[in-house]
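Below is my_file-v6.cif, holding mmCIF, C-alpha atoms.
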```cif
data_data
loop_
_atom_site.label_atom_id
_atom_site.label_comp_id
_atom_site.auth_asym_id
_atom_site.auth_seq_id
_atom_site.Cartn_x
_atom_site.Cartn_y
_atom_site.Cartn_z
CA MET A 264 -41.51 33.51 -24.16
CA GLU A 265 -39.86 31.41 -26.88
CA GLU A 266 -36.73 33.57 -26.78
CA SER A 267 -36.03 32.46 -23.19
CA LEU A 268 -36.17 28.76 -24.05
CA PRO A 269 -32.90 26.82 -24.39
CA PRO A 270 -31.87 25.86 -27.97
CA ILE A 271 -32.61 22.17 -27.40
CA ILE A 272 -36.33 22.98 -26.86
CA LYS A 273 -36.53 25.59 -29.62
CA LYS A 274 -35.45 22.94 -32.14
CA TYR A 275 -38.63 20.95 -31.53
CA LEU A 276 -41.27 23.71 -31.28
CA CYS A 277 -44.28 23.36 -33.55
CA ASP A 278 -47.90 24.39 -33.86
CA SER A 279 -50.42 22.50 -31.76
CA ASN A 280 -51.78 20.54 -34.75
CA GLU A 281 -48.40 19.50 -36.19
CA ASP A 282 -47.56 16.79 -33.66
CA THR A 283 -49.47 13.55 -33.42
CA HIS A 284 -49.62 14.03 -29.66
CA SER A 285 -51.61 16.77 -28.01
CA SER A 286 -50.01 19.23 -25.62
CA ALA A 287 -51.59 17.39 -22.69
CA ASP A 288 -50.17 14.08 -23.92
CA ASN A 289 -46.72 15.58 -24.34
CA ILE A 290 -46.82 16.99 -20.81
CA LYS A 291 -47.53 13.44 -19.56
CA ILE A 292 -44.74 12.03 -21.75
CA LEU A 293 -42.22 14.51 -20.32
CA THR A 294 -43.42 13.96 -16.75
CA ASN A 295 -43.20 10.18 -17.09
CA TYR A 296 -39.74 10.38 -18.68
CA VAL A 297 -38.39 12.52 -15.85
CA GLN A 298 -39.90 10.18 -13.28
CA LYS A 299 -38.41 7.17 -15.05
CA LYS A 300 -34.90 8.68 -15.08
CA GLN A 301 -35.18 9.67 -11.42
CA ASN A 302 -36.19 6.11 -10.54
CA GLU A 303 -33.24 4.76 -12.54
CA VAL A 304 -30.83 6.88 -10.52
CA LEU A 305 -32.46 5.78 -7.24
CA THR A 306 -32.16 2.15 -8.35
CA LEU A 307 -28.51 2.68 -9.32
CA LYS A 308 -27.77 4.16 -5.89
CA SER A 309 -29.68 1.40 -4.14
CA ASN A 310 -27.84 -1.32 -6.06
CA TYR A 311 -24.51 0.32 -5.32
CA GLU A 312 -25.29 0.50 -1.60
CA LYS A 313 -26.13 -3.20 -1.64
CA VAL A 314 -22.80 -4.14 -3.21
CA SER A 315 -20.72 -6.04 -0.70
CA MET A 316 -17.19 -6.89 -1.75
CA PRO A 317 -15.72 -10.08 -0.25
CA SER A 318 -13.26 -9.34 2.52
CA GLY A 319 -9.62 -8.93 1.56
CA ARG A 320 -8.81 -11.42 4.30
CA LEU A 321 -10.11 -14.14 1.99
CA VAL A 322 -7.39 -13.32 -0.55
CA TYR A 323 -3.75 -14.43 -0.34
CA SER A 324 -1.75 -11.72 1.43
CA GLY A 325 0.59 -11.37 -1.54
CA LYS A 326 -2.33 -10.22 -3.73
CA ARG A 327 -4.42 -8.59 -1.01
CA ALA A 328 -3.20 -5.05 -1.74
CA PHE A 329 -4.04 -5.42 -5.44
CA TYR A 330 -7.48 -6.77 -4.57
CA LYS A 331 -8.23 -3.96 -2.11
CA ASN A 332 -7.08 -1.31 -4.59
CA ALA A 333 -9.28 -2.81 -7.31
CA CYS A 334 -12.25 -2.71 -4.91
CA ARG A 335 -11.53 0.90 -4.00
CA PHE A 336 -11.22 1.99 -7.64
CA TYR A 337 -14.43 0.14 -8.48
CA ARG A 338 -16.31 2.01 -5.76
CA ASP A 339 -14.82 5.31 -6.95
CA ALA A 340 -16.03 4.60 -10.49
CA CYS A 341 -19.52 3.75 -9.23
CA GLU A 342 -19.70 6.93 -7.18
CA LYS A 343 -18.56 9.04 -10.14
CA LEU A 344 -21.21 7.41 -12.33
CA ILE A 345 -23.94 8.10 -9.78
CA GLU A 346 -22.76 11.70 -9.42
CA TYR A 347 -22.89 12.14 -13.19
CA GLU A 348 -26.39 10.63 -13.37
CA GLU A 349 -27.65 12.88 -10.56
CA ASN A 350 -26.25 16.02 -12.23
CA SER A 351 -27.75 14.95 -15.56
CA ILE A 352 -31.15 14.42 -13.96
CA GLU A 353 -31.03 17.94 -12.52
CA ASP A 354 -30.40 19.33 -16.01
CA LEU A 355 -33.13 17.10 -17.44
CA VAL A 356 -35.66 18.27 -14.85
CA LYS A 357 -34.90 21.91 -15.67
CA ILE A 358 -35.44 21.30 -19.40
CA ALA A 359 -38.62 19.30 -18.78
CA LYS A 360 -40.08 21.97 -16.48
CA LEU A 361 -39.39 24.70 -19.05
CA ALA A 362 -41.05 22.59 -21.77
CA ILE A 363 -44.06 21.72 -19.60
CA ASN A 364 -44.57 25.35 -18.52
CA TYR A 365 -44.31 26.46 -22.14
CA LEU A 366 -46.99 23.98 -23.22
CA LYS A 367 -49.29 25.00 -20.39
CA GLU A 368 -48.96 28.71 -21.23
CA ASN A 369 -49.17 28.40 -25.03
CA ALA A 370 -52.23 26.46 -26.08
CA SER A 371 -51.56 27.14 -29.77
CA ARG A 372 -48.08 25.69 -29.65
CA ASN A 373 -46.69 22.21 -29.17
CA ILE A 374 -43.34 20.37 -28.88
CA TYR A 375 -42.12 17.22 -30.58
CA CYS A 376 -41.49 15.64 -27.17
CA GLU A 377 -40.47 12.18 -28.36
CA GLU A 378 -37.73 13.68 -30.54
CA LEU A 379 -36.71 16.00 -27.67
CA ILE A 380 -36.45 13.05 -25.28
CA GLU A 381 -34.43 11.05 -27.81
CA GLU A 382 -31.86 13.84 -28.15
CA ILE A 383 -31.63 14.28 -24.38
CA SER A 384 -31.05 10.54 -23.96
CA ASP A 385 -28.38 10.55 -26.67
CA ARG A 386 -26.60 13.43 -24.98
CA LEU A 387 -26.64 11.58 -21.66
CA THR A 388 -25.29 8.30 -23.00
CA ASN A 389 -22.84 9.66 -25.59
CA ASN A 390 -21.06 11.95 -23.17
CA SER A 391 -17.36 10.99 -22.96
CA ASP A 392 -17.31 11.16 -19.14
CA TYR A 393 -20.35 8.91 -18.93
CA LYS A 394 -18.76 6.37 -21.28
CA TYR A 395 -15.56 6.39 -19.27
CA TYR A 396 -17.36 5.84 -15.96
CA ILE A 397 -19.35 2.95 -17.43
CA PHE A 398 -16.20 1.39 -18.89
CA ALA A 399 -14.23 1.87 -15.66
CA LYS A 400 -17.01 0.41 -13.52
CA ASP A 401 -17.38 -2.69 -15.70
CA ALA A 402 -13.62 -3.20 -16.13
CA LEU A 403 -12.89 -2.84 -12.43
CA ASN A 404 -15.77 -5.13 -11.54
CA LYS A 405 -14.18 -7.79 -13.75
CA LYS A 406 -10.79 -7.10 -12.16
CA VAL A 407 -12.21 -7.51 -8.66
CA ARG A 408 -13.86 -10.79 -9.64
CA TYR A 409 -10.64 -11.99 -11.28
CA TYR A 410 -8.50 -11.29 -8.22
CA PHE A 411 -10.98 -12.89 -5.88
CA LYS A 412 -11.47 -15.94 -8.08
CA SER A 413 -7.76 -16.41 -8.81
CA PHE A 414 -6.31 -15.69 -5.37
CA LYS A 415 -9.05 -16.71 -3.00
CA LEU A 416 -7.87 -18.84 -0.12
CA ARG A 417 -8.98 -22.37 -0.82
CA ASP A 418 -8.06 -25.65 0.78
CA THR A 419 -4.73 -24.75 2.35
CA ARG A 420 -3.20 -28.20 1.98
CA THR A 421 -3.81 -28.19 -1.77
CA ALA A 422 -2.60 -24.59 -1.99
CA MET A 423 0.53 -25.46 -0.03
CA ARG A 424 1.42 -28.46 -2.20
CA THR A 425 0.81 -26.47 -5.38
CA SER A 426 2.92 -23.58 -4.09
CA LEU A 427 5.78 -25.89 -3.14
CA VAL A 428 5.85 -27.43 -6.61
CA THR A 429 5.88 -23.94 -8.14
CA ALA A 430 8.75 -22.90 -5.86
CA LEU A 431 10.71 -26.03 -6.75
CA ARG A 432 10.36 -25.35 -10.47
CA SER A 433 10.92 -21.60 -10.44
CA ASN A 434 12.87 -20.46 -7.38
CA TYR A 435 14.95 -23.34 -6.04
CA ASP A 436 18.74 -23.25 -6.46
CA TYR A 437 20.06 -26.82 -6.47
CA GLU A 438 23.64 -25.67 -5.87
CA THR A 439 22.93 -23.72 -2.68
CA LYS A 440 19.79 -25.67 -1.68
CA TYR A 441 18.13 -22.30 -1.22
CA VAL A 442 14.77 -20.92 -2.30
CA THR A 443 14.04 -17.21 -2.49
CA PRO A 444 10.74 -15.93 -1.01
CA THR A 445 7.79 -17.35 -2.93
CA ILE A 446 4.03 -17.84 -2.67
CA VAL A 447 4.86 -20.60 -0.16
CA ASP A 448 5.74 -17.87 2.35
CA THR A 449 2.29 -16.37 1.78
CA VAL A 450 0.34 -19.61 2.17
CA LEU A 451 2.28 -20.98 5.15
CA PRO A 452 0.68 -18.85 7.93
CA TYR A 453 -2.82 -19.88 6.81
CA PHE A 454 -1.82 -23.52 6.69
CA LEU A 455 -0.17 -23.51 10.12
CA LYS A 456 -3.14 -21.78 11.73
CA ASP A 457 -5.19 -25.00 11.56
CA ALA A 458 -2.32 -27.49 11.89
CA ALA A 459 -2.47 -30.05 14.70
CA TYR A 460 0.97 -28.92 15.87
CA SER A 461 0.14 -25.18 15.83
CA CYS A 462 0.62 -25.24 19.61
CA MET A 463 4.37 -25.32 18.91
CA ILE A 464 4.40 -21.95 17.15
CA GLU A 465 4.43 -19.68 20.21
CA PRO A 466 7.14 -21.65 22.07
CA ILE A 467 9.38 -21.57 18.98
CA ILE A 468 8.96 -17.81 18.64
CA GLU A 469 9.76 -17.51 22.34
CA GLN A 470 12.97 -19.52 21.79
CA ILE A 471 14.08 -16.97 19.21
CA LEU A 472 13.29 -14.05 21.50
CA LEU A 473 15.22 -15.74 24.33
CA GLU A 474 18.06 -16.59 21.90
CA SER A 475 17.95 -20.29 22.76
CA VAL A 476 20.00 -21.31 19.74
CA SER A 477 20.69 -25.01 20.34
CA SER A 478 17.12 -25.82 21.36
CA LEU A 479 15.72 -23.81 18.44
CA VAL A 480 17.78 -25.75 15.89
CA VAL A 481 16.35 -29.02 17.21
CA THR A 482 12.79 -27.73 17.53
CA ILE A 483 12.63 -26.24 14.04
CA SER A 484 13.97 -29.50 12.62
CA GLU A 485 11.22 -31.43 14.41
CA PHE A 486 8.62 -28.88 13.32
CA THR A 487 9.75 -29.22 9.70
CA ASP A 488 9.41 -33.02 9.88
CA MET A 489 5.82 -32.72 11.16
CA PHE A 490 4.95 -30.11 8.55
CA TYR A 491 6.52 -32.23 5.80
CA GLU A 492 4.46 -35.28 6.74
CA ASP A 493 1.34 -33.17 7.24
CA ILE A 494 1.32 -31.96 3.63
CA GLY A 495 1.63 -35.54 2.43
CA TYR A 496 5.28 -35.98 1.50
CA SER A 497 7.28 -38.96 2.67
CA ASN A 498 10.67 -38.40 4.23
CA ASP A 499 12.52 -39.88 1.27
CA TYR A 500 10.74 -37.73 -1.32
CA SER A 501 12.91 -36.38 -4.15
CA THR A 502 16.15 -36.76 -2.13
CA ASN A 503 14.69 -34.28 0.35
CA THR A 504 14.88 -31.38 -2.10
CA MET A 505 11.35 -30.32 -1.18
CA LYS A 506 12.28 -30.55 2.47
CA TYR A 507 14.95 -27.88 2.01
CA ILE A 508 12.26 -25.56 0.66
CA CYS A 509 10.02 -26.35 3.64
CA TYR A 510 12.83 -25.79 6.12
CA THR A 511 13.88 -22.47 4.59
CA THR A 512 10.30 -21.20 4.50
CA ILE A 513 9.64 -22.25 8.10
CA VAL A 514 12.82 -20.57 9.37
CA ARG A 515 11.86 -17.42 7.49
CA TYR A 516 8.35 -17.53 8.96
CA PHE A 517 9.45 -17.89 12.59
CA PHE A 518 12.10 -15.18 12.43
CA ASP A 519 9.63 -12.82 10.74
CA GLU A 520 7.14 -13.45 13.54
CA ALA A 521 9.81 -12.92 16.19
CA TYR A 522 10.96 -9.70 14.51
CA LEU A 523 7.45 -8.26 14.83
CA ARG A 524 7.75 -8.61 18.61
CA LYS A 525 11.40 -7.70 19.02
CA PRO A 526 13.30 -6.16 16.08
CA LEU A 527 16.60 -7.94 16.75
CA LEU A 528 18.22 -6.51 13.63
CA SER A 529 17.28 -2.94 14.50
CA LEU A 530 19.08 -2.95 17.85
CA HIS A 531 22.51 -1.38 18.57
CA GLU A 532 21.69 1.83 16.73
CA ASP A 533 24.64 3.72 18.26
CA LYS A 534 27.14 1.02 17.26
CA ASN A 535 25.70 0.89 13.75
CA GLN A 536 26.16 4.65 13.40
CA ILE A 537 29.77 4.50 14.62
CA PHE A 538 30.45 1.71 12.14
CA LEU A 539 29.00 3.70 9.21
CA GLU A 540 31.12 6.72 10.09
CA LYS A 541 34.27 4.58 10.16
CA CYS A 542 33.32 2.98 6.85
CA GLU A 543 33.25 6.42 5.22
CA ILE A 544 36.80 7.07 6.40
CA PHE A 545 38.14 3.61 5.56
CA ALA A 546 36.62 3.75 2.05
CA GLN A 547 38.95 6.67 1.25
CA THR A 548 42.05 4.50 1.77
CA ASN A 549 44.25 4.59 -1.33
CA ILE A 550 44.13 1.45 -3.43
CA GLY A 551 47.92 1.31 -3.27
CA ASP A 552 47.77 0.98 0.53
CA LEU A 553 45.37 -1.97 0.52
CA ASN A 554 46.63 -5.50 1.07
CA ILE A 555 45.14 -6.87 -2.14
CA PRO A 556 46.90 -8.85 -4.89
CA GLU A 557 49.34 -6.86 -7.04
CA ARG A 558 47.65 -8.21 -10.17
CA ILE A 559 44.52 -6.32 -9.07
CA LYS A 560 46.32 -3.20 -7.86
CA LYS A 561 48.14 -2.67 -11.14
CA GLN A 562 44.80 -2.28 -12.94
CA TYR A 563 44.04 0.87 -10.92
CA VAL A 564 45.72 4.18 -10.16
CA ALA A 565 47.40 3.70 -6.79
CA TYR A 566 46.25 6.96 -5.22
CA LEU A 567 42.57 6.46 -6.08
CA PRO A 568 40.29 5.65 -3.11
CA ALA A 569 39.07 2.13 -2.41
CA THR A 570 35.66 3.09 -3.77
CA SER A 571 37.17 2.96 -7.26
CA LEU A 572 37.61 -0.81 -7.04
CA PHE A 573 33.92 -1.50 -7.57
CA ARG A 574 31.34 -0.75 -10.19
CA GLU A 575 27.87 0.56 -9.52
CA GLN A 576 26.24 -2.87 -9.80
CA HIS A 577 28.30 -4.08 -6.84
CA LEU A 578 27.08 -1.38 -4.47
CA ASP A 579 23.85 -3.11 -3.48
CA ILE A 580 25.39 -6.57 -3.00
CA LEU A 581 25.53 -6.13 0.77
CA THR A 582 22.98 -3.38 1.38
CA ASP A 583 20.07 -5.66 0.47
CA MET A 584 20.77 -7.57 3.70
CA GLN A 585 19.51 -4.69 5.81
CA TYR A 586 15.95 -5.72 4.84
CA MET A 587 16.35 -9.38 5.88
CA ASN A 588 15.21 -10.84 9.20
CA ASN A 589 16.60 -14.38 9.30
CA PRO A 590 20.04 -16.04 9.24
CA LEU A 591 19.39 -18.20 6.16
CA ASP A 592 18.57 -15.30 3.84
CA ILE A 593 21.42 -13.22 5.23
CA MET A 594 24.07 -15.94 4.94
CA LEU A 595 22.99 -16.96 1.44
CA SER A 596 23.16 -13.29 0.48
CA LEU A 597 26.70 -13.12 1.90
CA LEU A 598 27.70 -16.25 0.01
CA ALA A 599 26.29 -14.80 -3.22
CA ALA A 600 28.20 -11.56 -2.60
CA GLN A 601 31.41 -13.49 -2.02
CA LYS A 602 30.93 -15.37 -5.30
CA GLN A 603 30.25 -12.15 -7.21
CA ILE A 604 33.43 -10.57 -5.86
CA ALA A 605 35.47 -13.66 -6.75
CA LYS A 606 33.98 -13.65 -10.25
CA TYR A 607 34.61 -9.94 -10.78
CA PHE A 608 38.27 -10.10 -9.74
CA LYS A 609 38.95 -13.58 -11.11
CA ASP A 610 42.17 -14.41 -12.88
CA ASP A 611 42.27 -17.45 -15.16
CA GLU A 612 45.80 -18.26 -14.06
CA GLN A 613 45.43 -17.56 -10.35
CA PRO A 614 42.00 -17.46 -8.68
CA LEU A 615 41.48 -15.45 -5.52
CA THR A 616 42.53 -17.10 -2.29
CA PHE A 617 40.29 -17.17 0.75
CA LYS A 618 42.24 -14.30 2.34
CA GLU A 619 42.16 -12.20 -0.81
CA THR A 620 38.42 -12.68 -1.08
CA ALA A 621 38.03 -11.74 2.58
CA THR A 622 40.04 -8.55 2.08
CA LEU A 623 38.03 -7.51 -0.97
CA MET A 624 34.82 -8.18 0.94
CA LEU A 625 36.19 -5.96 3.69
CA VAL A 626 36.77 -3.14 1.21
CA LEU A 627 33.32 -3.61 -0.32
CA MET A 628 31.86 -3.48 3.18
CA SER A 629 33.45 -0.07 3.76
CA VAL A 630 32.27 1.24 0.39
CA SER A 631 28.64 0.13 0.63
CA PRO A 632 27.73 -1.18 4.08
CA PRO A 633 24.26 -2.22 5.26
CA ILE A 634 23.01 0.41 7.71
CA ASN A 635 22.66 -2.20 10.46
CA ALA A 636 25.94 -4.03 9.85
CA VAL A 637 26.83 -4.35 13.55
CA SER A 638 23.36 -5.71 14.33
CA ILE A 639 23.73 -8.24 11.51
CA ALA A 640 27.19 -9.32 12.71
CA LEU A 641 25.99 -9.88 16.28
CA PHE A 642 22.87 -11.62 14.97
CA LEU A 643 24.94 -14.00 12.84
CA LYS A 644 27.35 -14.65 15.69
CA LYS A 645 24.35 -15.86 17.67
CA TRP A 646 22.37 -17.64 14.92
CA GLY A 647 25.10 -18.65 12.46
CA ASP A 648 24.57 -22.37 13.12
CA ILE A 649 21.31 -22.20 11.18
CA HIS A 650 22.68 -22.61 7.67
CA LEU A 651 22.32 -24.95 4.70
CA LEU A 652 25.92 -25.17 3.47
CA PRO A 653 29.41 -25.13 5.05
CA GLU A 654 30.29 -22.31 2.64
CA CYS A 655 27.67 -20.15 4.34
CA GLU A 656 29.55 -20.39 7.62
CA GLN A 657 32.73 -19.25 5.91
CA ALA A 658 30.92 -16.28 4.32
CA LYS A 659 29.49 -15.43 7.74
CA ASP A 660 32.95 -15.47 9.33
CA ILE A 661 34.33 -13.14 6.66
CA PHE A 662 31.48 -10.69 7.24
CA ILE A 663 31.84 -10.71 11.03
CA ALA A 664 35.61 -10.22 10.77
CA ALA A 665 35.16 -7.29 8.37
CA VAL A 666 32.67 -5.59 10.67
CA GLU A 667 34.91 -6.16 13.68
CA LEU A 668 38.00 -4.79 11.96
CA ILE A 669 36.37 -1.58 10.72
CA TYR A 670 34.46 -1.00 13.96
CA ASN A 671 37.61 -1.32 16.08
CA LEU A 672 39.74 1.01 13.97
CA ASP A 673 40.90 4.16 15.76
CA PHE A 674 41.36 6.88 13.17
CA ASN A 675 42.58 9.32 15.81
CA ASP A 676 45.64 7.19 16.41
CA GLY A 677 48.64 7.93 14.22
CA ASN A 678 49.38 4.20 14.00
CA ASP A 679 46.41 3.48 11.81
CA GLU A 680 48.63 2.67 8.89
CA ASP A 681 49.15 -0.73 10.44
CA GLU A 682 48.05 -4.07 9.12
CA SER A 683 44.47 -3.67 10.21
CA GLU A 684 43.74 -0.57 8.16
CA ASN A 685 45.49 -2.01 5.17
CA GLY A 686 43.45 -5.19 5.23
CA ASN A 687 46.17 -7.31 6.85
CA GLU A 688 43.81 -8.89 9.32
CA ALA A 689 44.99 -12.38 8.44
CA LYS A 690 48.64 -12.40 9.56
CA ASN A 691 49.87 -14.97 12.06
CA ASP A 692 52.75 -14.70 14.52
CA ASP A 693 55.33 -15.41 11.82
CA GLY A 694 54.01 -12.68 9.55
CA GLU A 695 52.71 -15.25 7.08
CA ASP A 696 49.20 -15.58 5.84
CA GLY A 697 47.05 -17.64 8.20
CA ASP A 698 45.31 -20.82 7.21
CA ASP A 699 42.04 -20.58 5.33
CA GLU A 700 40.31 -22.26 8.24
CA GLU A 701 41.24 -19.50 10.70
CA GLU A 702 38.56 -18.70 13.27
CA TYR A 703 37.29 -15.13 13.38
CA GLU A 704 36.41 -13.79 16.81
CA ILE A 705 34.63 -10.49 17.33
CA GLU A 706 35.07 -8.29 20.36
CA TRP A 707 33.38 -4.91 20.68
CA LYS A 708 35.22 -2.01 22.27
#
```
In structure tokens, what does this structure look like?
Amino acid sequence: MEESLPPIIKKYLCDSNEDTHSSADNIKILTNYVQKKQNEVLTLKSNYEKVSMPSGRLVYSGKRAFYKNACRFYRDACEKLIEYEENSIEDLVKIAKLAINYLKENASRNIYCEELIEEISDRLTNNSDYKYYIFAKDALNKKVRYYFKSFKLRDTRTAMRTSLVTALRSNYDYETKYVTPTIVDTVLPYFLKDAAYSCMIEPIIEQILLESVSSLVVTISEFTDMFYEDIGYSNDYSTNTMKYICYTTIVRYFFDEAYLRKPLLSLHEDKNQIFLEKCEIFAQTNIGDLNIPERIKKQYVAYLPATSLFREQHLDILTDMQYMNNPLDIMLSLLAAQKQIAKYFKDDEQPLTFKETATLMLVLMSVSPPINAVSIALFLKKWGDIHLLPECEQAKDIFIAAVELIYNLDFNDGNDEDESENGNEAKNDDGEDGDDEEEYEIEWK
């Protein structure tokens, strides 16, 4: 009989008179221990089932994914812990039953049950998997509480004012009067939901969908004034710096909402594809054939393709625009691209002229175009009046002209070595360079 017992029981076998507890007492001790552990597992399961995590909707959208993931990982850790406990109890019950049956069938023998139970408990709690599940459960519980406490939606007016101050300090560009997306964009929808002027939201979105440009410009300006006063700022606050942040965020919000209903910048798929195909061809134009300054040409081998003009870090200057939904972000991105090009090709003695910059932007466009370039050009032609700086309008015109020129090229025509292909889009009737203020018109074939 003893030979069939597992080693953990054999270690604690003794004669009936060697233990302070009788066999009957030890049977009770083992039975009670098993019952206690089973109750602990049932309690653990019951407590887990009662756990109710606060809804992710109560957390700022920018942190909602992190919060939900932390909740999911916490539940996974709890379930793994319960599974481990249940499997351990099954093993414990088997050991206890073998020990109890042995005591019942061998009156002359006994087991040091207290020592046996102590070793079993140590094995349960010192197991590396068990320690990991306990650690993970506690750590993730703290993480869940941290996210909920730190990013819970509170009083939206206070949250909005705090977010605006943070944006002003960290994200605002005083030169361009532009602020990149910040926590303000996250808080704004919650704030507007309860605003007294929330009834204006749907009509403004409808104006965008109907492309009512002039009325939208006026309405958004009025909406910004109401929002600005609502959060407690006076109209002369900080030379209106904060108002620029509000205006930019509001424009971004409305165009994002409109895009969800009608993806304006995903239209014209066929034209976009034609444009990309022509860009691939145009980008192979020899540097020597481009109408760019000689001081730039002489730095490159003449027969190399236009793609050789730019370094890898320039290739995403324009492509990032394909993820933007509003005219402000797009035009500021274009202005930034124009400045980067001017800086890269700058000459201390002779800076780039407007036309030279436009031509280099044209070449960059062919080398690394946004996949929806035609959609962007048509979008800007419609919404280009919504800008913060006059320079943005100029950057917009350069972009539209570049898209128009490449799109209208006919590579099947033997006359493609004309001014257009070579970047000479800026010649006037006398063959001289046009004025920097030249209007760019776009017509689609």
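From CA of Val450 (chain A) back to CA of Leu479 (chain A), the distance works out to 22.8 Å.
Around the point (10.0, -22.0, 10.2), within 10 Å and counting all atoms listed in the file, we find these residues: Asp448, Leu451, Ile464, Ile467, Ile468, Thr482, Ile483, Ser484, Phe486, Thr487, Phe490, Cys509, Tyr510, Thr511, Thr512, Ile513, Val514, Arg515, Tyr516, Phe517, Phe518, Asp519 and Glu520 of chain A.
Every protein or nucleic acid residue with an atom no more than 8 Å from Leu379 (chain A), counting all atoms listed in the file and leaving out same-chain residues fewer than 2 positions away, appears here: Ile271, Ile272, Tyr275, Tyr375, Cys376, Glu377, Glu381, Glu382 and Ile383 of chain A.
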Only C-alpha atoms, please: the residues just picked out, written as a PDB file, keeping the file's coordinate frame.
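Heads up, here's the output in out.pdb:
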```pdb
ATOM      1  CA  ILE A 271     -32.610  22.170 -27.400  1.00  0.00           C
ATOM      2  CA  ILE A 272     -36.330  22.980 -26.860  1.00  0.00           C
ATOM      3  CA  TYR A 275     -38.630  20.950 -31.530  1.00  0.00           C
ATOM      4  CA  TYR A 375     -42.120  17.220 -30.580  1.00  0.00           C
ATOM      5  CA  CYS A 376     -41.490  15.640 -27.170  1.00  0.00           C
ATOM      6  CA  GLU A 377     -40.470  12.180 -28.360  1.00  0.00           C
ATOM      7  CA  GLU A 381     -34.430  11.050 -27.810  1.00  0.00           C
ATOM      8  CA  GLU A 382     -31.860  13.840 -28.150  1.00  0.00           C
ATOM      9  CA  ILE A 383     -31.630  14.280 -24.380  1.00  0.00           C
TER      10      ILE A 383
END
```
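In this structure, CA of Ile604 (chain A) sits 18.4 Å away from CA of Asp592 (chain A).
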Skipping near chain neighbours, those fewer than 2 positions away, what residues fall within 9 Å of Leu578 (chain A) using only C-alpha atoms, listed as a PDB file with C-alpha atoms, in the frame of the given file?
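File around35.pdb, as written:
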```
ATOM      1  CA  PHE A 573      33.920  -1.500  -7.570  1.00  0.00           C
ATOM      2  CA  ARG A 574      31.340  -0.750 -10.190  1.00  0.00           C
ATOM      3  CA  GLU A 575      27.870   0.560  -9.520  1.00  0.00           C
ATOM      4  CA  GLN A 576      26.240  -2.870  -9.800  1.00  0.00           C
ATOM      5  CA  ILE A 580      25.390  -6.570  -3.000  1.00  0.00           C
ATOM      6  CA  LEU A 581      25.530  -6.130   0.770  1.00  0.00           C
ATOM      7  CA  THR A 582      22.980  -3.380   1.380  1.00  0.00           C
ATOM      8  CA  LEU A 627      33.320  -3.610  -0.320  1.00  0.00           C
ATOM      9  CA  VAL A 630      32.270   1.240   0.390  1.00  0.00           C
ATOM     10  CA  SER A 631      28.640   0.130   0.630  1.00  0.00           C
ATOM     11  CA  PRO A 632      27.730  -1.180   4.080  1.00  0.00           C
TER      12      PRO A 632
END
```
Pairwise distance for CA of Val564 (chain A) and CA of Asn549 (chain A), rounded to one decimal in Å
9.0 Å
Please provide as a VMD selection string all residues within 10 Å of region 433-436 of chain A, with the sequence filter that same-chain residues fewer than 3 positions apart are discarded (counting all atoms listed in the file).
chain A and resid 427 to 430 439 to 445 504 to 505 507 to 508
With the PyMOL selection byres ((chain A and resi 311) around 12) as the selection, what would be picked from this file? Answer as a list in words, please.
Val304, Leu305, Thr306, Leu307, Lys308, Ser309, Asn310, Glu312, Lys313, Val314, Ser315, Met316, Tyr337, Arg338, Asp339, Ala340, Cys341, Glu342, Lys343, Leu344, Ile345 and Lys400 of chain A
Hey, what's within 12 Å of Tyr347 (chain A) if we count all atoms listed in the file and toss same-chain stuff fewer than 6 positions away? As a list in words, please?
Val304, Leu307, Lys308, Ala340, Cys341, Glu353, Asp354, Leu387, Thr388, Asn390, Ser391, Asp392, Tyr393, Lys394, Tyr395, Tyr396 and Ile397 of chain A
Please give the centre and size of the box around region 594-606 of chain A (axis-aligned, containing every atom listed in the file, 5 Å added per side), with values in Å to one decimal and written as lines of an AutoDock Vina configuration file.
```
center_x = 29.2
center_y = -13.8
center_z = -2.7
size_x = 22.5
size_y = 16.4
size_z = 25.2
```
Could you tell me, as a PyMOL selection string, exactly which residues end up selected when the PyMOL selection byres ((chain A and resi 265-269) around 9) is applied to this structure?
chain A and resi 264+270-273+276+358+361-362+365
Residue IDs satisfying the PyMOL selection byres ((chain A and resi 530-534) around 12), as a list in words:
Tyr522, Lys525, Pro526, Leu527, Leu528, Ser529, Asn535, Gln536, Ile537, Phe538, Leu539, Glu540, Lys541, Ile634, Asn635, Ala636, Val637, Ser638, Ile639, Ala640, Leu641, Phe642, Val666, Glu667, Ile669, Tyr670, Asn671, Trp707 and Lys708 of chain A
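Minimum atom-to-atom distances from A:Glu492, A:Lys360, A:Ala546, A:Asn404 to Lys291 (chain A) were compared using all atoms listed in the file, and the lowest value belongs to A:Lys360.
Once Asn364 (chain A) and its same-chain neighbours fewer than 4 positions away are set aside, Met264, Glu265, Leu268, Ile272, Ser286, Ala287, Asn289, Ile290, Leu293, Thr294, Val356, Lys357, Ile358, Ala359, Lys360, Glu368, Asn369, Ala370, Arg372, Asn373 and Ile374 of chain A remain within 12 Å of it when counting all atoms listed in the file.
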Residues around (-32.2, 10.2, -15.1), cut-off 7 Å, counting all atoms listed in the file - what are they as an NGL selection string?
:A and (297 or 299-301 or 303-304 or 348-349 or 351-352)
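Of the residues listed (A:Gln562, A:Ser279, A:Asn350, A:Ser629), A:Ser629 shows the shortest atom-to-atom separation from Ile544 (chain A); distances use all atoms listed in the file.
Candidate residues A:Leu431, A:Cys334, A:Ala658, A:Met584 were compared for distance to Thr620 (chain A), and the nearest is A:Ala658, using only C-alpha atoms.
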